[in-house]
>>> print(open('structure11.txt').read())   # compact mmCIF, N, CA and C atoms
# COMPACT_ATOMS: atom_id res chain seq x y z
N MET A 28 7.46 13.88 6.29
CA MET A 28 6.93 12.56 6.04
C MET A 28 6.39 11.99 7.35
N GLU A 29 5.13 11.61 7.31
CA GLU A 29 4.53 10.94 8.47
C GLU A 29 4.38 9.44 8.24
N LEU A 30 4.34 9.06 6.96
CA LEU A 30 4.14 7.65 6.64
C LEU A 30 4.87 7.32 5.34
N ARG A 31 5.72 6.31 5.39
CA ARG A 31 6.40 5.80 4.20
C ARG A 31 5.75 4.46 3.87
N ILE A 32 5.16 4.37 2.68
CA ILE A 32 4.48 3.15 2.27
C ILE A 32 5.38 2.38 1.31
N PHE A 33 5.57 1.10 1.60
CA PHE A 33 6.35 0.20 0.75
C PHE A 33 5.35 -0.58 -0.10
N TYR A 34 5.32 -0.30 -1.39
CA TYR A 34 4.27 -0.87 -2.24
C TYR A 34 4.86 -1.57 -3.46
N ASP A 35 4.04 -2.42 -4.06
CA ASP A 35 4.42 -3.20 -5.24
C ASP A 35 4.02 -2.43 -6.50
N SER A 36 4.99 -1.82 -7.14
CA SER A 36 4.71 -1.00 -8.32
C SER A 36 4.33 -1.83 -9.55
N ALA A 37 4.54 -3.15 -9.50
CA ALA A 37 4.19 -4.00 -10.64
C ALA A 37 2.72 -4.39 -10.62
N CYS A 38 2.03 -4.08 -9.54
CA CYS A 38 0.61 -4.41 -9.39
C CYS A 38 -0.23 -3.20 -9.83
N PRO A 39 -1.04 -3.36 -10.88
CA PRO A 39 -1.85 -2.23 -11.36
C PRO A 39 -2.77 -1.64 -10.30
N LEU A 40 -3.45 -2.46 -9.53
CA LEU A 40 -4.34 -1.93 -8.50
C LEU A 40 -3.57 -1.22 -7.39
N CYS A 41 -2.43 -1.79 -7.02
CA CYS A 41 -1.60 -1.19 -5.97
C CYS A 41 -1.09 0.17 -6.42
N SER A 42 -0.58 0.23 -7.64
CA SER A 42 -0.06 1.50 -8.16
C SER A 42 -1.17 2.54 -8.28
N ASN A 43 -2.35 2.11 -8.69
CA ASN A 43 -3.47 3.04 -8.78
C ASN A 43 -3.83 3.60 -7.41
N GLU A 44 -3.85 2.74 -6.40
CA GLU A 44 -4.15 3.19 -5.03
C GLU A 44 -3.12 4.22 -4.57
N MET A 45 -1.84 3.97 -4.85
CA MET A 45 -0.79 4.90 -4.45
C MET A 45 -0.92 6.23 -5.20
N GLN A 46 -1.29 6.14 -6.47
CA GLN A 46 -1.51 7.35 -7.27
C GLN A 46 -2.64 8.18 -6.66
N GLN A 47 -3.72 7.52 -6.26
CA GLN A 47 -4.85 8.23 -5.64
C GLN A 47 -4.45 8.85 -4.30
N LEU A 48 -3.69 8.11 -3.51
CA LEU A 48 -3.22 8.65 -2.23
C LEU A 48 -2.39 9.91 -2.45
N LYS A 49 -1.43 9.85 -3.37
CA LYS A 49 -0.57 11.01 -3.62
C LYS A 49 -1.37 12.19 -4.15
N LYS A 50 -2.38 11.91 -4.94
CA LYS A 50 -3.24 12.98 -5.47
C LYS A 50 -3.92 13.75 -4.32
N HIS A 51 -4.32 13.03 -3.30
CA HIS A 51 -5.03 13.65 -2.17
C HIS A 51 -4.11 14.06 -1.02
N ASP A 52 -2.85 13.75 -1.13
CA ASP A 52 -1.87 14.07 -0.08
C ASP A 52 -1.33 15.49 -0.28
N ARG A 53 -2.19 16.45 -0.09
CA ARG A 53 -1.85 17.85 -0.37
C ARG A 53 -0.79 18.40 0.60
N LEU A 54 -0.68 17.81 1.78
CA LEU A 54 0.30 18.29 2.76
C LEU A 54 1.60 17.48 2.71
N HIS A 55 1.71 16.59 1.75
CA HIS A 55 2.92 15.78 1.52
C HIS A 55 3.35 15.01 2.78
N LYS A 56 2.40 14.34 3.38
CA LYS A 56 2.66 13.54 4.58
C LYS A 56 3.06 12.11 4.25
N ILE A 57 2.82 11.70 3.00
CA ILE A 57 3.05 10.31 2.60
C ILE A 57 4.20 10.23 1.61
N GLU A 58 5.09 9.30 1.88
CA GLU A 58 6.21 9.02 0.97
C GLU A 58 6.01 7.59 0.46
N LEU A 59 6.32 7.37 -0.79
CA LEU A 59 6.17 6.05 -1.38
C LEU A 59 7.54 5.44 -1.64
N ALA A 60 7.67 4.16 -1.33
CA ALA A 60 8.90 3.41 -1.61
C ALA A 60 8.52 2.16 -2.39
N ASP A 61 9.01 2.07 -3.59
CA ASP A 61 8.71 0.97 -4.50
C ASP A 61 9.52 -0.27 -4.11
N LEU A 62 8.84 -1.35 -3.82
CA LEU A 62 9.52 -2.60 -3.49
C LEU A 62 10.40 -3.10 -4.63
N ASN A 63 10.10 -2.69 -5.85
CA ASN A 63 10.82 -3.16 -7.02
C ASN A 63 11.99 -2.26 -7.42
N GLN A 64 12.22 -1.21 -6.68
CA GLN A 64 13.32 -0.30 -7.03
C GLN A 64 14.67 -0.98 -6.82
N GLU A 65 15.61 -0.63 -7.65
CA GLU A 65 16.96 -1.18 -7.53
C GLU A 65 17.56 -0.73 -6.19
N GLY A 66 18.14 -1.67 -5.48
CA GLY A 66 18.78 -1.34 -4.21
C GLY A 66 17.83 -1.21 -3.02
N PHE A 67 16.60 -1.71 -3.17
CA PHE A 67 15.62 -1.58 -2.09
C PHE A 67 16.16 -2.15 -0.77
N GLU A 68 16.71 -3.35 -0.82
CA GLU A 68 17.15 -4.02 0.41
C GLU A 68 18.30 -3.29 1.09
N GLN A 69 19.12 -2.60 0.33
CA GLN A 69 20.20 -1.82 0.91
C GLN A 69 19.65 -0.52 1.52
N LYS A 70 18.69 0.08 0.86
CA LYS A 70 18.12 1.35 1.31
C LYS A 70 17.23 1.16 2.54
N TYR A 71 16.52 0.02 2.60
CA TYR A 71 15.59 -0.26 3.69
C TYR A 71 15.90 -1.63 4.29
N PRO A 72 17.05 -1.81 4.93
CA PRO A 72 17.44 -3.14 5.43
C PRO A 72 16.52 -3.66 6.53
N HIS A 73 15.76 -2.79 7.15
CA HIS A 73 14.85 -3.20 8.22
C HIS A 73 13.52 -3.74 7.70
N ILE A 74 13.31 -3.69 6.39
CA ILE A 74 12.08 -4.20 5.77
C ILE A 74 12.42 -5.51 5.05
N ASP A 75 11.75 -6.58 5.44
CA ASP A 75 11.92 -7.87 4.79
C ASP A 75 11.15 -7.82 3.47
N LEU A 76 11.88 -7.80 2.36
CA LEU A 76 11.27 -7.64 1.05
C LEU A 76 10.27 -8.74 0.73
N THR A 77 10.57 -9.97 1.10
CA THR A 77 9.66 -11.09 0.82
C THR A 77 8.34 -10.90 1.57
N VAL A 78 8.42 -10.52 2.83
CA VAL A 78 7.20 -10.32 3.63
C VAL A 78 6.44 -9.09 3.13
N ALA A 79 7.17 -8.02 2.81
CA ALA A 79 6.53 -6.80 2.33
C ALA A 79 5.84 -7.02 0.98
N ASN A 80 6.33 -7.99 0.21
CA ASN A 80 5.68 -8.33 -1.05
C ASN A 80 4.43 -9.16 -0.85
N SER A 81 4.24 -9.69 0.35
CA SER A 81 3.05 -10.50 0.61
C SER A 81 1.96 -9.72 1.35
N ILE A 82 2.33 -8.64 2.02
CA ILE A 82 1.37 -7.80 2.73
C ILE A 82 1.91 -6.38 2.77
N LEU A 83 1.06 -5.42 2.50
CA LEU A 83 1.44 -4.01 2.46
C LEU A 83 2.11 -3.61 3.77
N HIS A 84 3.22 -2.89 3.66
CA HIS A 84 3.98 -2.41 4.81
C HIS A 84 4.11 -0.90 4.74
N ALA A 85 4.23 -0.29 5.90
CA ALA A 85 4.54 1.14 5.99
C ALA A 85 5.31 1.38 7.27
N GLU A 86 5.97 2.52 7.29
CA GLU A 86 6.74 2.93 8.45
C GLU A 86 6.33 4.35 8.81
N THR A 87 6.03 4.58 10.09
CA THR A 87 5.68 5.93 10.53
C THR A 87 6.95 6.73 10.77
N ASN A 88 6.79 8.02 11.00
CA ASN A 88 7.95 8.87 11.26
C ASN A 88 8.60 8.56 12.61
N THR A 89 7.94 7.75 13.43
CA THR A 89 8.53 7.33 14.71
C THR A 89 9.18 5.95 14.60
N GLY A 90 9.12 5.34 13.40
CA GLY A 90 9.74 4.05 13.18
C GLY A 90 8.82 2.86 13.38
N GLU A 91 7.56 3.11 13.72
CA GLU A 91 6.60 2.01 13.89
C GLU A 91 6.28 1.41 12.53
N ILE A 92 6.26 0.08 12.45
CA ILE A 92 5.91 -0.62 11.21
C ILE A 92 4.44 -1.01 11.27
N LEU A 93 3.72 -0.62 10.23
CA LEU A 93 2.31 -0.99 10.08
C LEU A 93 2.20 -1.98 8.93
N ARG A 94 1.15 -2.80 8.98
CA ARG A 94 0.95 -3.80 7.93
C ARG A 94 -0.52 -3.86 7.52
N GLY A 95 -0.73 -4.26 6.27
CA GLY A 95 -2.08 -4.51 5.76
C GLY A 95 -3.01 -3.31 5.80
N LEU A 96 -4.22 -3.55 6.26
CA LEU A 96 -5.22 -2.49 6.29
C LEU A 96 -4.90 -1.39 7.29
N ASP A 97 -4.02 -1.65 8.25
CA ASP A 97 -3.59 -0.58 9.14
C ASP A 97 -2.87 0.51 8.33
N VAL A 98 -2.13 0.09 7.30
CA VAL A 98 -1.46 1.04 6.42
C VAL A 98 -2.49 1.85 5.65
N THR A 99 -3.43 1.16 5.04
CA THR A 99 -4.47 1.82 4.25
C THR A 99 -5.26 2.82 5.09
N ALA A 100 -5.66 2.40 6.28
CA ALA A 100 -6.43 3.27 7.16
C ALA A 100 -5.63 4.51 7.56
N LYS A 101 -4.37 4.32 7.93
CA LYS A 101 -3.51 5.44 8.33
C LYS A 101 -3.29 6.39 7.16
N ALA A 102 -3.01 5.83 5.99
CA ALA A 102 -2.73 6.67 4.82
C ALA A 102 -3.93 7.53 4.45
N TRP A 103 -5.11 6.91 4.36
CA TRP A 103 -6.29 7.69 3.98
C TRP A 103 -6.68 8.67 5.08
N ALA A 104 -6.42 8.34 6.33
CA ALA A 104 -6.68 9.29 7.42
C ALA A 104 -5.79 10.53 7.26
N LEU A 105 -4.56 10.33 6.84
CA LEU A 105 -3.64 11.46 6.63
C LEU A 105 -4.11 12.39 5.52
N THR A 106 -4.83 11.84 4.55
CA THR A 106 -5.33 12.67 3.44
C THR A 106 -6.66 13.32 3.79
N GLY A 107 -7.36 12.78 4.79
CA GLY A 107 -8.68 13.30 5.13
C GLY A 107 -9.78 12.79 4.22
N LYS A 108 -9.46 11.82 3.38
CA LYS A 108 -10.43 11.26 2.43
C LYS A 108 -10.79 9.83 2.83
N HIS A 109 -11.86 9.33 2.24
CA HIS A 109 -12.32 7.94 2.44
C HIS A 109 -12.39 7.56 3.92
N LYS A 110 -13.06 8.39 4.69
CA LYS A 110 -13.15 8.17 6.14
C LYS A 110 -13.82 6.85 6.50
N TRP A 111 -14.61 6.31 5.59
CA TRP A 111 -15.29 5.03 5.85
C TRP A 111 -14.31 3.90 6.07
N ILE A 112 -13.09 4.03 5.57
CA ILE A 112 -12.08 2.96 5.72
C ILE A 112 -11.78 2.72 7.20
N GLN A 113 -11.93 3.74 8.03
CA GLN A 113 -11.67 3.58 9.46
C GLN A 113 -12.61 2.55 10.08
N LEU A 114 -13.77 2.34 9.45
CA LEU A 114 -14.70 1.32 9.95
C LEU A 114 -14.08 -0.08 9.91
N LEU A 115 -13.15 -0.28 8.98
CA LEU A 115 -12.49 -1.59 8.86
C LEU A 115 -11.54 -1.87 10.03
N ARG A 116 -11.29 -0.88 10.85
CA ARG A 116 -10.41 -1.05 12.01
C ARG A 116 -11.19 -1.20 13.31
N LEU A 117 -12.52 -1.15 13.24
CA LEU A 117 -13.34 -1.39 14.43
C LEU A 117 -13.10 -2.81 14.92
N PRO A 118 -13.02 -3.00 16.24
CA PRO A 118 -12.71 -4.33 16.78
C PRO A 118 -13.61 -5.46 16.27
N CYS A 119 -14.87 -5.16 16.02
CA CYS A 119 -15.79 -6.21 15.57
C CYS A 119 -15.65 -6.50 14.07
N VAL A 120 -15.01 -5.62 13.33
CA VAL A 120 -14.86 -5.76 11.88
C VAL A 120 -13.43 -6.17 11.50
N LYS A 121 -12.45 -5.70 12.27
CA LYS A 121 -11.04 -5.85 11.95
C LYS A 121 -10.62 -7.28 11.59
N PRO A 122 -10.98 -8.30 12.39
CA PRO A 122 -10.53 -9.66 12.05
C PRO A 122 -11.01 -10.13 10.67
N PHE A 123 -12.24 -9.80 10.33
CA PHE A 123 -12.81 -10.22 9.05
C PHE A 123 -12.20 -9.43 7.90
N ALA A 124 -12.03 -8.12 8.11
CA ALA A 124 -11.43 -7.26 7.08
C ALA A 124 -9.98 -7.68 6.83
N ASP A 125 -9.26 -8.06 7.88
CA ASP A 125 -7.87 -8.48 7.73
C ASP A 125 -7.75 -9.78 6.94
N VAL A 126 -8.66 -10.72 7.19
CA VAL A 126 -8.66 -11.98 6.42
C VAL A 126 -8.95 -11.68 4.95
N ALA A 127 -9.91 -10.82 4.70
CA ALA A 127 -10.25 -10.46 3.32
C ALA A 127 -9.07 -9.76 2.65
N TYR A 128 -8.41 -8.86 3.38
CA TYR A 128 -7.25 -8.17 2.82
C TYR A 128 -6.14 -9.15 2.46
N ARG A 129 -5.85 -10.09 3.36
CA ARG A 129 -4.80 -11.07 3.08
C ARG A 129 -5.12 -11.88 1.83
N GLY A 130 -6.40 -12.19 1.64
CA GLY A 130 -6.82 -12.88 0.41
C GLY A 130 -6.59 -12.01 -0.81
N PHE A 131 -6.91 -10.73 -0.68
CA PHE A 131 -6.65 -9.81 -1.79
C PHE A 131 -5.15 -9.73 -2.09
N ALA A 132 -4.35 -9.52 -1.06
CA ALA A 132 -2.90 -9.35 -1.24
C ALA A 132 -2.29 -10.57 -1.92
N LYS A 133 -2.73 -11.74 -1.51
CA LYS A 133 -2.18 -12.98 -2.07
C LYS A 133 -2.56 -13.14 -3.55
N ASN A 134 -3.70 -12.61 -3.93
CA ASN A 134 -4.22 -12.78 -5.29
C ASN A 134 -4.30 -11.46 -6.07
N ARG A 135 -3.50 -10.47 -5.68
CA ARG A 135 -3.63 -9.14 -6.25
C ARG A 135 -3.41 -9.08 -7.76
N TYR A 136 -2.54 -9.93 -8.30
CA TYR A 136 -2.32 -9.90 -9.75
C TYR A 136 -3.52 -10.47 -10.50
N LYS A 137 -4.10 -11.53 -9.98
CA LYS A 137 -5.30 -12.11 -10.60
C LYS A 137 -6.47 -11.13 -10.51
N ILE A 138 -6.63 -10.50 -9.33
CA ILE A 138 -7.72 -9.53 -9.15
C ILE A 138 -7.51 -8.33 -10.05
N SER A 139 -6.26 -7.87 -10.16
CA SER A 139 -5.95 -6.76 -11.07
C SER A 139 -6.36 -7.11 -12.49
N TYR A 140 -6.05 -8.35 -12.90
CA TYR A 140 -6.40 -8.77 -14.25
C TYR A 140 -7.92 -8.77 -14.45
N LEU A 141 -8.65 -9.26 -13.46
CA LEU A 141 -10.12 -9.29 -13.57
C LEU A 141 -10.71 -7.89 -13.65
N LEU A 142 -10.13 -6.95 -12.91
CA LEU A 142 -10.69 -5.60 -12.85
C LEU A 142 -10.14 -4.64 -13.90
N THR A 143 -8.91 -4.87 -14.35
CA THR A 143 -8.29 -3.92 -15.28
C THR A 143 -7.88 -4.54 -16.60
N GLY A 144 -7.86 -5.87 -16.66
CA GLY A 144 -7.36 -6.54 -17.86
C GLY A 144 -5.85 -6.59 -17.90
N GLN A 145 -5.21 -6.12 -16.85
CA GLN A 145 -3.75 -6.09 -16.78
C GLN A 145 -3.32 -6.78 -15.48
N GLN A 146 -2.61 -7.90 -15.62
CA GLN A 146 -2.21 -8.67 -14.44
C GLN A 146 -1.00 -8.04 -13.77
N ARG A 147 0.01 -7.75 -14.54
CA ARG A 147 1.21 -7.06 -14.05
C ARG A 147 1.57 -6.01 -15.09
N CYS A 148 2.13 -4.93 -14.64
CA CYS A 148 2.52 -3.89 -15.59
C CYS A 148 3.64 -4.41 -16.48
N GLU A 149 3.53 -4.14 -17.77
CA GLU A 149 4.44 -4.70 -18.77
C GLU A 149 5.90 -4.41 -18.47
N THR A 150 6.20 -3.23 -17.98
CA THR A 150 7.59 -2.84 -17.75
C THR A 150 8.10 -3.31 -16.40
N GLY A 151 7.23 -4.00 -15.65
CA GLY A 151 7.61 -4.42 -14.30
C GLY A 151 7.30 -3.36 -13.27
N SER A 152 6.82 -2.22 -13.74
CA SER A 152 6.46 -1.13 -12.83
C SER A 152 5.39 -0.28 -13.48
N CYS A 153 4.30 -0.03 -12.78
CA CYS A 153 3.27 0.87 -13.28
C CYS A 153 3.72 2.28 -12.98
N ASN A 154 3.58 3.16 -13.91
CA ASN A 154 4.04 4.53 -13.70
C ASN A 154 3.04 5.32 -12.88
N LEU A 155 3.53 5.97 -11.82
CA LEU A 155 2.70 6.89 -11.05
C LEU A 155 2.75 8.24 -11.74
N LYS A 156 1.62 8.86 -11.81
CA LYS A 156 1.57 10.18 -12.46
C LYS A 156 1.52 11.25 -11.41
>>> encode(input="structure11.txt", output="structure tokens")
Amino acid sequence: MELRIFYDSACPLCSNEMQQLKKHDRLHKIELADLNQEGFEQKYPHIDLTVANSILHAETNTGEILRGLDVTAKAWALTGKHKWIQLLRLPCVKPFADVAYRGFAKNRYKISYLLTGQQRCETGSCNLK
């Protein structure tokens, strides 16, 4: 494991993104941790669940905590796919991309509903395949 991503399984878009990452993670470098799993706070006491529910979090194999688009960029870099995402980390783009990401994260259920017709997964968790 090079990157453990803490994600919201109740968000359709979030779950879809994680499903796509795992599909392309042929070397099994990415581990997923569902924020909604029973016992999350006991298993990951170093992750503030409230904060992680407001912005995507990940932990590297060295213990570094990444947030927001830094997680997305690192994850897709590990798969070798969607290389264009690295452009969002360029110094001249990063501040604007981060503001846009925070807006997305705050409104992810509404955006999910607009794009998928599903605001939150009915069971409280979208199933990863």
>>> closest_residue(input="structure11.txt", among="A:Lys50, A:Arg129, A:Arg147, A:Lys56", to="Gly95 in chain A", atoms="only N, CA and C atoms")
A:Arg129
>>> atom_distance(input="structure11.txt", atom1="atom N of Leu117 in chain A", atom2="CA of Ala37 in chain A")
29.3 Å
>>> closest_residue(input="structure11.txt", among="A:Gln113, A:Thr89, A:Thr106, A:Gln146", to="Ile57 in chain A", atoms="only C-alpha atoms")
A:Thr106
>>> closest_residue(input="structure11.txt", among="A:Ile92, A:Cys153, A:Ile74, A:Val98", to="Ser36 in chain A", atoms="all atoms listed in the file")
A:Cys153
>>> closest_residue(input="structure11.txt", among="A:Ile138, A:Leu40, A:Ala104, A:Met45", to="Leu59 in chain A", atoms="all atoms listed in the file")
A:Met45
>>> atom_distance(input="structure11.txt", atom1="CA of Pro39 in chain A", atom2="atom N of Cys148 in chain A")
5.8 Å
>>> closest_atom_pairs(input="structure11.txt", of="range 75-115 of chain A", to="range 60-65 of chain A", cutoff="8 Å", atoms="only N, CA and C atoms", output="JSON lines")
{"residue": "A:Leu76", "atom": "CA", "partner": "A:Leu62", "partner_atom": "CA", "distance": 7.0}
{"residue": "A:Ala79", "atom": "C", "partner": "A:Leu62", "partner_atom": "CA", "distance": 7.3}
{"residue": "A:Asn80", "atom": "N", "partner": "A:Leu62", "partner_atom": "CA", "distance": 7.3}
>>> atom_distance(input="structure11.txt", atom1="CA of Tyr136 in chain A", atom2="CA of Glu44 in chain A")
14.0 Å
>>> select_by_dssp(input="structure11.txt", residues="chain A", states="strand (DSSP E or B)", output="ChimeraX atom specification")
/A:30-34,57-61,84-87,92-94
>>> closest_residue(input="structure11.txt", among="A:Ala100, A:Thr87, A:Gly107, A:Ile112", to="Asp52 in chain A", atoms="all atoms listed in the file")
A:Gly107
>>> decode(input="structure11.txt", residues="range 91-102 of chain A", atoms="all heavy atoms", output="PDB file, in the first residue's frame")
ATOM      1  N   GLU A  91       2.372  10.448   5.823  1.00  0.00           N
ATOM      2  CA  GLU A  91       2.004  11.814   5.429  1.00  0.00           C
ATOM      3  C   GLU A  91       0.511  11.856   5.108  1.00  0.00           C
ATOM      4  O   GLU A  91      -0.020  10.974   4.427  1.00  0.00           O
ATOM      5  CB  GLU A  91       2.806  12.248   4.202  1.00  0.00           C
ATOM      6  CG  GLU A  91       2.460  13.629   3.703  1.00  0.00           C
ATOM      7  CD  GLU A  91       3.172  13.996   2.402  1.00  0.00           C
ATOM      8  OE1 GLU A  91       3.837  13.143   1.797  1.00  0.00           O
ATOM      9  OE2 GLU A  91       3.019  15.158   1.990  1.00  0.00           O
ATOM     10  N   ILE A  92      -0.175  12.884   5.594  1.00  0.00           N
ATOM     11  CA  ILE A  92      -1.600  13.070   5.313  1.00  0.00           C
ATOM     12  C   ILE A  92      -1.741  14.049   4.155  1.00  0.00           C
ATOM     13  O   ILE A  92      -1.186  15.141   4.175  1.00  0.00           O
ATOM     14  CB  ILE A  92      -2.351  13.614   6.555  1.00  0.00           C
ATOM     15  CG1 ILE A  92      -2.208  12.654   7.738  1.00  0.00           C
ATOM     16  CG2 ILE A  92      -3.817  13.871   6.227  1.00  0.00           C
ATOM     17  CD1 ILE A  92      -2.836  11.288   7.544  1.00  0.00           C
ATOM     18  N   LEU A  93      -2.486  13.628   3.144  1.00  0.00           N
ATOM     19  CA  LEU A  93      -2.800  14.472   1.991  1.00  0.00           C
ATOM     20  C   LEU A  93      -4.276  14.821   2.051  1.00  0.00           C
ATOM     21  O   LEU A  93      -5.076  14.059   2.596  1.00  0.00           O
ATOM     22  CB  LEU A  93      -2.508  13.725   0.684  1.00  0.00           C
ATOM     23  CG  LEU A  93      -1.109  13.163   0.494  1.00  0.00           C
ATOM     24  CD1 LEU A  93      -1.032  12.376  -0.812  1.00  0.00           C
ATOM     25  CD2 LEU A  93      -0.069  14.265   0.520  1.00  0.00           C
ATOM     26  N   ARG A  94      -4.621  15.957   1.447  1.00  0.00           N
ATOM     27  CA  ARG A  94      -6.020  16.398   1.448  1.00  0.00           C
ATOM     28  C   ARG A  94      -6.423  16.914   0.066  1.00  0.00           C
ATOM     29  O   ARG A  94      -5.606  17.436  -0.674  1.00  0.00           O
ATOM     30  CB  ARG A  94      -6.214  17.518   2.476  1.00  0.00           C
ATOM     31  CG  ARG A  94      -6.111  17.043   3.903  1.00  0.00           C
ATOM     32  CD  ARG A  94      -6.183  18.200   4.905  1.00  0.00           C
ATOM     33  NE  ARG A  94      -5.977  17.733   6.259  1.00  0.00           N
ATOM     34  CZ  ARG A  94      -4.781  17.520   6.807  1.00  0.00           C
ATOM     35  NH1 ARG A  94      -3.690  17.747   6.130  1.00  0.00           N
ATOM     36  NH2 ARG A  94      -4.685  17.085   8.053  1.00  0.00           N
ATOM     37  N   GLY A  95      -7.714  16.797  -0.215  1.00  0.00           N
ATOM     38  CA  GLY A  95      -8.289  17.376  -1.427  1.00  0.00           C
ATOM     39  C   GLY A  95      -7.702  16.857  -2.720  1.00  0.00           C
ATOM     40  O   GLY A  95      -7.491  15.654  -2.891  1.00  0.00           O
ATOM     41  N   LEU A  96      -7.414  17.772  -3.621  1.00  0.00           N
ATOM     42  CA  LEU A  96      -6.905  17.394  -4.932  1.00  0.00           C
ATOM     43  C   LEU A  96      -5.503  16.802  -4.878  1.00  0.00           C
ATOM     44  O   LEU A  96      -5.098  16.113  -5.819  1.00  0.00           O
ATOM     45  CB  LEU A  96      -6.935  18.601  -5.878  1.00  0.00           C
ATOM     46  CG  LEU A  96      -8.323  18.999  -6.359  1.00  0.00           C
ATOM     47  CD1 LEU A  96      -8.262  20.268  -7.194  1.00  0.00           C
ATOM     48  CD2 LEU A  96      -8.983  17.875  -7.145  1.00  0.00           C
ATOM     49  N   ASP A  97      -4.770  17.022  -3.791  1.00  0.00           N
ATOM     50  CA  ASP A  97      -3.477  16.358  -3.646  1.00  0.00           C
ATOM     51  C   ASP A  97      -3.678  14.841  -3.587  1.00  0.00           C
ATOM     52  O   ASP A  97      -2.867  14.079  -4.108  1.00  0.00           O
ATOM     53  CB  ASP A  97      -2.738  16.843  -2.393  1.00  0.00           C
ATOM     54  CG  ASP A  97      -2.230  18.268  -2.527  1.00  0.00           C
ATOM     55  OD1 ASP A  97      -2.038  18.744  -3.673  1.00  0.00           O
ATOM     56  OD2 ASP A  97      -2.029  18.918  -1.487  1.00  0.00           O
ATOM     57  N   VAL A  98      -4.779  14.406  -2.972  1.00  0.00           N
ATOM     58  CA  VAL A  98      -5.111  12.983  -2.919  1.00  0.00           C
ATOM     59  C   VAL A  98      -5.421  12.478  -4.320  1.00  0.00           C
ATOM     60  O   VAL A  98      -4.886  11.455  -4.760  1.00  0.00           O
ATOM     61  CB  VAL A  98      -6.327  12.720  -1.998  1.00  0.00           C
ATOM     62  CG1 VAL A  98      -6.741  11.251  -2.051  1.00  0.00           C
ATOM     63  CG2 VAL A  98      -6.036  13.172  -0.583  1.00  0.00           C
ATOM     64  N   THR A  99      -6.283  13.187  -5.015  1.00  0.00           N
ATOM     65  CA  THR A  99      -6.687  12.787  -6.364  1.00  0.00           C
ATOM     66  C   THR A  99      -5.484  12.700  -7.293  1.00  0.00           C
ATOM     67  O   THR A  99      -5.326  11.720  -8.029  1.00  0.00           O
ATOM     68  CB  THR A  99      -7.722  13.787  -6.919  1.00  0.00           C
ATOM     69  OG1 THR A  99      -8.834  13.837  -6.018  1.00  0.00           O
ATOM     70  CG2 THR A  99      -8.216  13.391  -8.289  1.00  0.00           C
ATOM     71  N   ALA A 100      -4.623  13.706  -7.250  1.00  0.00           N
ATOM     72  CA  ALA A 100      -3.442  13.731  -8.109  1.00  0.00           C
ATOM     73  C   ALA A 100      -2.509  12.567  -7.793  1.00  0.00           C
ATOM     74  O   ALA A 100      -2.013  11.887  -8.695  1.00  0.00           O
ATOM     75  CB  ALA A 100      -2.713  15.063  -7.967  1.00  0.00           C
ATOM     76  N   LYS A 101      -2.262  12.320  -6.518  1.00  0.00           N
ATOM     77  CA  LYS A 101      -1.375  11.223  -6.108  1.00  0.00           C
ATOM     78  C   LYS A 101      -1.963   9.878  -6.519  1.00  0.00           C
ATOM     79  O   LYS A 101      -1.263   9.012  -7.055  1.00  0.00           O
ATOM     80  CB  LYS A 101      -1.156  11.275  -4.589  1.00  0.00           C
ATOM     81  CG  LYS A 101      -0.380  10.123  -4.017  1.00  0.00           C
ATOM     82  CD  LYS A 101       1.080  10.256  -4.292  1.00  0.00           C
ATOM     83  CE  LYS A 101       1.866   9.195  -3.523  1.00  0.00           C
ATOM     84  NZ  LYS A 101       3.266   9.201  -3.882  1.00  0.00           N
ATOM     85  N   ALA A 102      -3.260   9.698  -6.287  1.00  0.00           N
ATOM     86  CA  ALA A 102      -3.902   8.421  -6.597  1.00  0.00           C
ATOM     87  C   ALA A 102      -3.837   8.113  -8.090  1.00  0.00           C
ATOM     88  O   ALA A 102      -3.440   7.013  -8.485  1.00  0.00           O
ATOM     89  CB  ALA A 102      -5.353   8.435  -6.114  1.00  0.00           C
TER      90      ALA A 102
END
